[in-house]
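Heads up, my_file03.txt below (compact mmCIF, C-alpha atoms):
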# COMPACT_ATOMS: atom_id res chain seq x y z
CA MET P 82 16.65 1.52 -2.95
CA ASN P 83 12.93 2.20 -2.68
CA PRO P 84 12.07 2.51 1.06
CA PHE P 85 8.93 0.35 0.75
CA ILE P 86 10.81 -2.56 -0.84
CA PHE P 87 13.76 -2.09 1.52
CA ASN P 88 11.48 -2.43 4.54
CA VAL P 89 9.84 -5.58 3.19
CA MET P 90 13.27 -7.11 2.51
CA ARG P 91 14.51 -6.08 5.95
CA GLU P 92 11.48 -7.74 7.59
CA LYS P 93 12.10 -11.01 5.76
CA ALA P 94 15.85 -10.92 6.53
CA ALA P 95 15.12 -10.31 10.21
CA HIS P 96 12.69 -13.25 10.38
CA ARG P 97 15.24 -15.56 8.73
CA CYS P 98 17.94 -14.46 11.14
CA MET P 99 15.71 -15.02 14.16
CA ARG P 100 14.69 -18.49 12.99
CA ARG P 101 18.34 -19.48 12.61
CA GLY P 102 19.47 -17.79 15.81
CA HIS P 103 21.62 -15.20 14.00
CA ARG P 104 21.82 -11.47 14.54
CA HIS P 105 21.55 -8.93 11.74
CA GLY P 106 24.67 -8.96 9.58
CA GLY P 107 24.73 -12.72 9.01
CA PHE P 108 25.49 -14.05 5.52
CA ARG P 109 21.91 -14.94 4.60
CA GLY P 110 20.51 -11.58 5.75
CA LYS P 111 23.09 -9.65 3.72
CA PHE P 112 22.73 -11.94 0.73
CA ALA P 113 19.00 -11.20 0.60
CA ALA P 114 19.78 -7.51 0.10
CA PHE P 115 22.25 -8.43 -2.67
CA PHE P 116 19.33 -9.33 -4.95
CA ASP P 117 18.06 -5.75 -4.83
CA ASP P 118 21.25 -4.38 -6.41
CA GLU P 119 19.49 -4.34 -9.80
CA GLY P 120 17.76 -0.99 -9.45
CA GLY P 121 14.95 0.07 -11.76
CA LEU P 122 12.29 -0.27 -9.08
CA GLY P 123 11.12 3.30 -9.38
CA GLY P 124 10.55 5.68 -6.47
CA HIS P 125 7.33 6.86 -4.91
CA GLY P 126 8.64 7.98 -1.53
CA PHE P 127 6.91 5.31 0.56
CA ARG P 128 7.48 6.05 4.21
CA ALA P 129 9.84 3.81 6.16
CA SER P 130 9.11 4.36 9.84
CA ARG P 131 8.64 0.65 10.54
CA MET P 132 9.31 -2.71 8.90
CA VAL P 133 6.39 -2.04 6.55
CA ASN P 134 4.67 1.27 7.15
CA ALA P 135 1.22 0.80 8.67
CA ALA P 136 -0.46 3.19 6.23
CA ASP P 137 1.08 1.39 3.25
CA LEU P 138 -0.08 -2.00 4.54
CA GLN P 139 -3.59 -0.66 5.14
CA LEU P 140 -3.70 0.61 1.57
CA LEU P 141 -2.59 -2.79 0.26
CA ILE P 142 -5.36 -4.43 2.28
CA LEU P 143 -7.98 -2.06 0.87
CA ALA P 144 -6.82 -2.87 -2.65
CA LEU P 145 -7.27 -6.58 -1.96
CA LEU P 146 -10.67 -6.07 -0.34
CA GLU P 147 -11.78 -4.16 -3.43
CA GLN P 148 -11.32 -7.38 -5.41
CA LYS P 149 -13.53 -9.37 -3.03
CA PRO P 150 -14.32 -9.79 0.68
CA ARG P 151 -11.61 -11.77 2.46
CA HIS P 152 -10.69 -13.34 5.78
CA GLY P 153 -7.48 -12.20 7.42
CA TYR P 154 -5.71 -15.40 6.43
CA GLU P 155 -6.82 -14.93 2.83
CA ILE P 156 -5.25 -11.47 2.80
CA ILE P 157 -1.95 -12.92 3.99
CA LYS P 158 -2.07 -15.60 1.29
CA ALA P 159 -3.04 -13.07 -1.38
CA LEU P 160 -0.01 -10.89 -0.58
CA GLU P 161 2.21 -13.96 -0.51
CA GLU P 162 0.94 -15.19 -3.88
CA HIS P 163 1.07 -11.72 -5.44
CA SER P 164 4.75 -11.40 -4.46
CA SER P 165 5.66 -14.96 -5.54
CA GLY P 166 6.21 -15.95 -1.92
CA PHE P 167 8.45 -12.96 -1.18
CA TYR P 168 6.18 -11.16 1.32
CA ALA P 169 3.74 -12.81 3.74
CA PRO P 170 2.91 -10.54 6.69
CA SER P 171 2.19 -12.26 9.97
CA PRO P 172 -1.27 -12.44 11.57
CA GLY P 173 0.09 -10.18 14.31
CA VAL P 174 0.50 -7.47 11.67
CA ILE P 175 -2.58 -8.10 9.51
CA TYR P 176 -5.30 -8.34 12.17
CA PRO P 177 -4.46 -5.07 13.98
CA ALA P 178 -4.48 -3.37 10.57
CA LEU P 179 -7.91 -4.86 9.80
CA THR P 180 -9.23 -3.76 13.20
CA TYR P 181 -8.03 -0.22 12.56
CA LEU P 182 -9.62 -0.15 9.10
CA GLU P 183 -12.89 -1.28 10.65
CA GLU P 184 -12.68 1.39 13.37
CA ILE P 185 -12.20 4.23 10.86
CA GLY P 186 -14.96 2.92 8.61
CA HIS P 187 -12.82 1.81 5.67
CA ALA P 188 -13.75 -1.86 6.12
CA SER P 189 -16.73 -3.73 7.53
CA VAL P 190 -16.72 -7.14 9.17
CA ALA P 191 -19.28 -9.93 9.24
CA ALA P 192 -19.19 -13.11 11.27
CA GLU P 193 -18.83 -16.24 9.17
CA GLY P 194 -18.81 -19.12 11.59
CA THR P 195 -15.77 -18.67 13.80
CA LYS P 196 -14.11 -16.39 11.26
CA LYS P 197 -14.46 -12.74 10.35
CA LEU P 198 -15.08 -11.73 6.75
CA TYR P 199 -13.85 -8.24 5.88
CA SER P 200 -15.32 -6.12 3.09
CA LEU P 201 -14.53 -2.72 1.61
CA THR P 202 -16.93 0.09 2.59
CA GLU P 203 -17.91 3.10 0.49
CA THR P 204 -15.62 5.24 2.64
CA GLY P 205 -12.78 2.80 2.13
CA ALA P 206 -13.41 2.70 -1.61
CA ALA P 207 -13.30 6.49 -1.76
CA TYR P 208 -10.01 6.58 0.15
CA LEU P 209 -8.57 3.90 -2.11
CA GLY P 210 -9.67 5.86 -5.15
CA ASP P 211 -7.81 8.93 -3.88
CA HIS P 212 -4.65 6.83 -3.42
CA ARG P 213 -5.03 4.52 -6.42
CA ALA P 214 -1.66 5.36 -7.96
CA GLN P 215 0.20 4.59 -4.75
CA ALA P 216 -1.65 1.30 -4.21
CA ASP P 217 -1.03 0.17 -7.79
CA ALA P 218 2.64 1.14 -7.53
CA MET P 219 3.14 -0.88 -4.35
CA LEU P 220 1.38 -3.94 -5.74
CA GLY P 221 3.44 -3.68 -8.91
CA GLN P 222 6.68 -3.40 -6.97
CA LEU P 223 5.84 -6.40 -4.81
CA ALA P 224 5.10 -8.45 -7.92
CA ARG P 225 8.31 -7.39 -9.68
CA ILE P 226 10.64 -7.94 -6.74
CA GLY P 227 8.97 -11.29 -6.01
CA GLU P 228 9.59 -12.40 -9.60
CA LYS P 229 13.23 -11.30 -9.42
CA VAL P 230 13.88 -13.16 -6.18
CA ALA P 231 12.08 -16.27 -7.48
CA ARG P 232 14.16 -16.21 -10.66
CA ALA P 233 17.36 -15.70 -8.67
CA LYS P 234 16.53 -18.67 -6.43
CA GLN P 235 15.84 -20.77 -9.50
CA PHE P 236 19.13 -19.65 -11.01
CA PHE P 237 21.13 -20.85 -8.00
CA ARG P 238 19.22 -24.13 -8.02
CA GLY P 239 20.42 -24.61 -11.59
CA GLY P 240 17.00 -24.16 -13.20
CA GLU P 241 16.99 -24.22 -17.00
CA ASP P 242 13.75 -22.36 -17.72
CA MET P 243 14.89 -19.04 -16.31
CA GLU P 244 14.39 -16.29 -18.87
CA ASP P 245 17.89 -14.82 -18.55
CA ALA P 246 19.55 -18.22 -18.81
CA GLY P 247 17.63 -19.17 -21.95
CA ALA P 248 16.44 -22.54 -23.10
CA GLU P 249 19.76 -23.31 -24.79
CA ALA P 250 22.23 -22.38 -22.07
CA SER P 251 25.73 -23.58 -22.84
CA THR P 252 27.42 -26.41 -20.97
CA ASN P 253 30.00 -23.98 -19.64
CA MET P 254 27.31 -21.65 -18.29
CA ARG P 255 25.55 -24.50 -16.50
CA ALA P 256 28.83 -25.69 -15.03
CA ALA P 257 29.66 -22.18 -13.85
CA ARG P 258 26.29 -21.87 -12.09
CA ARG P 259 26.76 -25.22 -10.38
CA ASN P 260 30.26 -24.28 -9.25
CA LEU P 261 29.04 -20.97 -7.82
CA LYS P 262 26.17 -22.68 -6.04
CA LEU P 263 28.50 -25.25 -4.45
CA ALA P 264 31.00 -22.59 -3.45
CA LEU P 265 28.31 -20.56 -1.69
CA LEU P 266 26.93 -23.62 0.08
CA GLU P 267 30.39 -24.52 1.32
CA LYS P 268 30.79 -21.04 2.80
CA ALA P 269 27.31 -20.80 4.36
CA ASP P 270 28.66 -21.10 7.90
CA ALA P 271 31.88 -19.15 7.36
CA ALA P 272 33.22 -16.64 9.89
CA PRO P 273 31.95 -13.03 9.66
CA GLU P 274 35.19 -11.82 8.04
CA GLU P 275 34.95 -14.49 5.36
CA GLN P 276 31.26 -13.69 4.81
CA ARG P 277 32.10 -10.04 4.15
CA ARG P 278 34.80 -11.08 1.67
CA ILE P 279 32.32 -13.30 -0.21
CA ILE P 280 29.69 -10.56 -0.32
CA ASP P 281 32.23 -8.11 -1.75
CA ILE P 282 33.11 -10.66 -4.44
CA LEU P 283 29.44 -11.21 -5.34
CA VAL P 284 28.72 -7.49 -5.57
CA ARG P 285 31.77 -6.93 -7.78
CA ALA P 286 30.85 -9.91 -9.95
CA ALA P 287 27.30 -8.63 -10.42
CA LYS P 288 28.62 -5.24 -11.53
CA ASP P 289 31.12 -6.88 -13.90
CA ILE P 290 28.38 -9.01 -15.47
CA ARG P 291 26.27 -5.91 -16.06
CA GLY P 292 29.25 -4.00 -17.42
CA GLN P 293 29.14 -1.45 -14.60
CA GLN P 294 32.20 0.37 -13.29

As structure tokens, what does this structure read like?
Amino acid sequence: MNPFIFNVMREKAAHRCMRRGHRHGGFRGKFAAFFDDEGGLGGHGFRASRMVNAADLQLLILALLEQKPRHGYEIIKALEEHSSGFYAPSPGVIYPALTYLEEIGHASVAAEGTKKLYSLTETGAAYLGDHRAQADAMLGQLARIGEKVARAKQFFRGGEDMEDAGAEASTNMRAARRNLKLALLEKADAAPEEQRRIIDILVRAAKDIRGQQ
């Protein structure tokens, strides 16, 4: 798995677990990782020292500031929208990154009422230009994984406009999706041993569907 995407997924799984009072290893946290079993994400060696590497996040911010000046909240929303709701960094992550970019001269800030408006500087633009391929790769990966997760969620809701399902999905296929959805909902609060059994079944089923050994 690409380290950059893994770290984003791990951050989201951790936040879900904390909101529900679960520790890592719960069904929902593991199930989130199940969606990344598709591969094909490419590999650019993004560093993985933290949930999302600080340097990678700073580069993403510079790429967004190149499009137009933004407030911190607008940067969060832009990342969320770009990833189809998959990744929305917290203000506690974004604002320290913006402060650092300002300190090293990659971004400038102007007061706009009670808010701060951040813009890309010439130094920041030059740095972004030197790392354009990496920035584009990360933005592309966020968009692709966001689309996959959104489509997977729609699939388990029984959506009919999902590309893989097709507009003319058979009655049996729709019934099978509904049955799987109900079965998973019934087991949402199962014991850890039962959760592991279900995850093993899902992983095997995904491989069988793809024709993998």

Rounded to one decimal in Å, what is the spacing between atom CA of Gln293 of chain P and atom CA of Ala233 of chain P?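 Atom CA of Gln293 of chain P sits 19.4 Å away from atom CA of Ala233 of chain P.
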
Just give me the gap between atom CA of Leu265 of chain P and atom CA of His163 of chain P in Å, one decimal is fine.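 Between atom CA of Leu265 of chain P and atom CA of His163 of chain P the gap works out to 28.9 Å.
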
Using all atoms listed in the file: which of P:Leu223, P:Pro170, P:Ala216, P:Arg259 has the shortest distance to Gln235 of chain P: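 Closest candidate: P:Arg259.
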
As an exercise, work out the distance from atom CA of Ala287 of chain P to atom CA of Ala231 of chain P in Å and give it to one decimal place. 17.3 Å

Select, from P:Glu147, P:Asp281, P:Tyr168, P:Leu179, the residue with the minimum atom-to-atom distance to Ala135 of chain P, counting only C-alpha atoms.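 Closest residue, counting only C-alpha atoms: P:Leu179.
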
Neighbours of segment 187-189 of chain P within 8 Å (only C-alpha atoms; same-chain residues fewer than 3 positions away dropped), as a PDB file with C-alpha atoms, in the coordinates of the input?
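Dumped to selection.pdb:
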ATOM      1  CA  LEU P 143      -7.980  -2.060   0.870  1.00  0.00           C
ATOM      2  CA  LEU P 179      -7.910  -4.860   9.800  1.00  0.00           C
ATOM      3  CA  LEU P 182      -9.620  -0.150   9.100  1.00  0.00           C
ATOM      4  CA  GLU P 183     -12.890  -1.280  10.650  1.00  0.00           C
ATOM      5  CA  GLU P 184     -12.680   1.390  13.370  1.00  0.00           C
ATOM      6  CA  TYR P 199     -13.850  -8.240   5.880  1.00  0.00           C
ATOM      7  CA  SER P 200     -15.320  -6.120   3.090  1.00  0.00           C
ATOM      8  CA  LEU P 201     -14.530  -2.720   1.610  1.00  0.00           C
ATOM      9  CA  THR P 202     -16.930   0.090   2.590  1.00  0.00           C
ATOM     10  CA  GLU P 203     -17.910   3.100   0.490  1.00  0.00           C
ATOM     11  CA  THR P 204     -15.620   5.240   2.640  1.00  0.00           C
ATOM     12  CA  GLY P 205     -12.780   2.800   2.130  1.00  0.00           C
ATOM     13  CA  ALA P 206     -13.410   2.700  -1.610  1.00  0.00           C
ATOM     14  CA  TYR P 208     -10.010   6.580   0.150  1.00  0.00           C
TER      15      TYR P 208
END

Counting all atoms listed in the file, figure out which residue out of P:Asp137, P:Ala218, P:His152, P:Asn260 gets nearest to Thr195 of chain P.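 Result for the nearest residue to Thr195 of chain P: P:His152.
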
Starting from the structure just given, write a file holding segment 144-159 of chain P with all heavy atoms, as a compact mmCIF listing (two decimals), in the first residue's frame.
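Saved as decode.txt:
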# COMPACT_ATOMS: atom_id res chain seq x y z
N ALA P 144 0.04 23.68 -3.30
CA ALA P 144 -0.66 23.42 -4.56
C ALA P 144 -2.04 24.08 -4.57
O ALA P 144 -2.48 24.60 -5.60
CB ALA P 144 -0.79 21.92 -4.79
N LEU P 145 -2.71 24.08 -3.43
CA LEU P 145 -4.02 24.72 -3.34
C LEU P 145 -3.90 26.24 -3.37
O LEU P 145 -4.73 26.93 -3.98
CB LEU P 145 -4.74 24.27 -2.07
CG LEU P 145 -5.13 22.79 -2.01
CD1 LEU P 145 -5.75 22.46 -0.66
CD2 LEU P 145 -6.11 22.44 -3.13
N LEU P 146 -2.87 26.77 -2.72
CA LEU P 146 -2.67 28.22 -2.71
C LEU P 146 -2.28 28.73 -4.10
O LEU P 146 -2.51 29.90 -4.41
CB LEU P 146 -1.60 28.61 -1.69
CG LEU P 146 -1.96 28.40 -0.22
CD1 LEU P 146 -0.82 28.86 0.68
CD2 LEU P 146 -3.25 29.14 0.14
N GLU P 147 -1.68 27.87 -4.91
CA GLU P 147 -1.34 28.28 -6.27
C GLU P 147 -2.61 28.58 -7.07
O GLU P 147 -2.61 29.46 -7.94
CB GLU P 147 -0.53 27.18 -6.95
CG GLU P 147 -0.09 27.56 -8.36
CD GLU P 147 0.63 26.42 -9.06
OE1 GLU P 147 0.17 25.26 -8.92
OE2 GLU P 147 1.63 26.68 -9.73
N GLN P 148 -3.69 27.85 -6.76
CA GLN P 148 -4.95 28.06 -7.47
C GLN P 148 -5.55 29.41 -7.13
O GLN P 148 -6.02 30.13 -8.01
CB GLN P 148 -5.92 26.94 -7.12
CG GLN P 148 -5.44 25.55 -7.53
CD GLN P 148 -6.33 24.46 -7.00
OE1 GLN P 148 -7.33 24.71 -6.32
NE2 GLN P 148 -5.98 23.21 -7.29
N LYS P 149 -5.50 29.76 -5.83
CA LYS P 149 -6.01 31.05 -5.38
C LYS P 149 -5.70 31.21 -3.89
O LYS P 149 -5.49 30.21 -3.18
CB LYS P 149 -7.53 31.15 -5.60
CG LYS P 149 -8.33 30.17 -4.74
CD LYS P 149 -9.83 30.38 -4.93
CE LYS P 149 -10.63 29.46 -4.02
NZ LYS P 149 -12.09 29.67 -4.16
N PRO P 150 -5.67 32.45 -3.38
CA PRO P 150 -5.48 32.65 -1.94
C PRO P 150 -6.65 32.03 -1.18
O PRO P 150 -7.80 32.04 -1.66
CB PRO P 150 -5.47 34.17 -1.80
CG PRO P 150 -5.06 34.69 -3.15
CD PRO P 150 -5.69 33.73 -4.13
N ARG P 151 -6.37 31.49 -0.01
CA ARG P 151 -7.41 30.80 0.76
C ARG P 151 -7.23 31.06 2.25
O ARG P 151 -6.12 31.28 2.73
CB ARG P 151 -7.36 29.30 0.51
CG ARG P 151 -7.55 28.85 -0.93
CD ARG P 151 -7.38 27.35 -1.05
NE ARG P 151 -7.31 26.88 -2.43
CZ ARG P 151 -8.35 26.39 -3.11
NH1 ARG P 151 -9.54 26.32 -2.53
NH2 ARG P 151 -8.21 25.98 -4.36
N HIS P 152 -8.37 30.96 2.97
CA HIS P 152 -8.34 30.91 4.42
C HIS P 152 -8.04 29.46 4.83
O HIS P 152 -8.19 28.54 4.02
CB HIS P 152 -9.69 31.34 5.02
CG HIS P 152 -10.11 32.72 4.61
ND1 HIS P 152 -11.13 32.96 3.71
CD2 HIS P 152 -9.64 33.94 4.97
CE1 HIS P 152 -11.28 34.26 3.55
NE2 HIS P 152 -10.38 34.89 4.29
N GLY P 153 -7.64 29.28 6.08
CA GLY P 153 -7.36 27.94 6.56
C GLY P 153 -8.55 27.00 6.40
O GLY P 153 -8.40 25.86 5.97
N TYR P 154 -9.73 27.49 6.73
CA TYR P 154 -10.93 26.66 6.61
C TYR P 154 -11.19 26.28 5.17
O TYR P 154 -11.62 25.15 4.88
CB TYR P 154 -12.14 27.42 7.17
CG TYR P 154 -13.45 26.69 7.02
CD1 TYR P 154 -13.74 25.61 7.84
CD2 TYR P 154 -14.37 27.06 6.05
CE1 TYR P 154 -14.94 24.92 7.72
CE2 TYR P 154 -15.57 26.38 5.91
CZ TYR P 154 -15.85 25.31 6.75
OH TYR P 154 -17.03 24.63 6.60
N GLU P 155 -10.89 27.20 4.24
CA GLU P 155 -11.10 26.91 2.82
C GLU P 155 -10.15 25.82 2.34
O GLU P 155 -10.49 25.03 1.45
CB GLU P 155 -10.91 28.18 1.99
CG GLU P 155 -12.02 29.19 2.20
CD GLU P 155 -11.77 30.48 1.46
OE1 GLU P 155 -10.60 30.88 1.33
OE2 GLU P 155 -12.75 31.10 0.99
N ILE P 156 -8.95 25.77 2.92
CA ILE P 156 -8.00 24.72 2.56
C ILE P 156 -8.51 23.37 3.02
O ILE P 156 -8.43 22.37 2.29
CB ILE P 156 -6.61 25.02 3.17
CG1 ILE P 156 -6.02 26.27 2.51
CG2 ILE P 156 -5.67 23.83 3.02
CD1 ILE P 156 -4.75 26.77 3.15
N ILE P 157 -9.05 23.32 4.23
CA ILE P 157 -9.63 22.07 4.75
C ILE P 157 -10.75 21.61 3.83
O ILE P 157 -10.83 20.43 3.44
CB ILE P 157 -10.15 22.27 6.18
CG1 ILE P 157 -8.99 22.54 7.14
CG2 ILE P 157 -10.95 21.04 6.65
CD1 ILE P 157 -9.42 22.91 8.54
N LYS P 158 -11.65 22.52 3.47
CA LYS P 158 -12.79 22.16 2.61
C LYS P 158 -12.32 21.74 1.22
O LYS P 158 -12.90 20.84 0.61
CB LYS P 158 -13.76 23.34 2.51
CG LYS P 158 -14.44 23.71 3.82
CD LYS P 158 -15.22 22.54 4.40
CE LYS P 158 -16.39 22.13 3.55
NZ LYS P 158 -17.15 21.02 4.15
N ALA P 159 -11.28 22.39 0.71
CA ALA P 159 -10.78 22.05 -0.62
C ALA P 159 -10.23 20.62 -0.64
O ALA P 159 -10.48 19.87 -1.58
CB ALA P 159 -9.70 23.04 -1.04
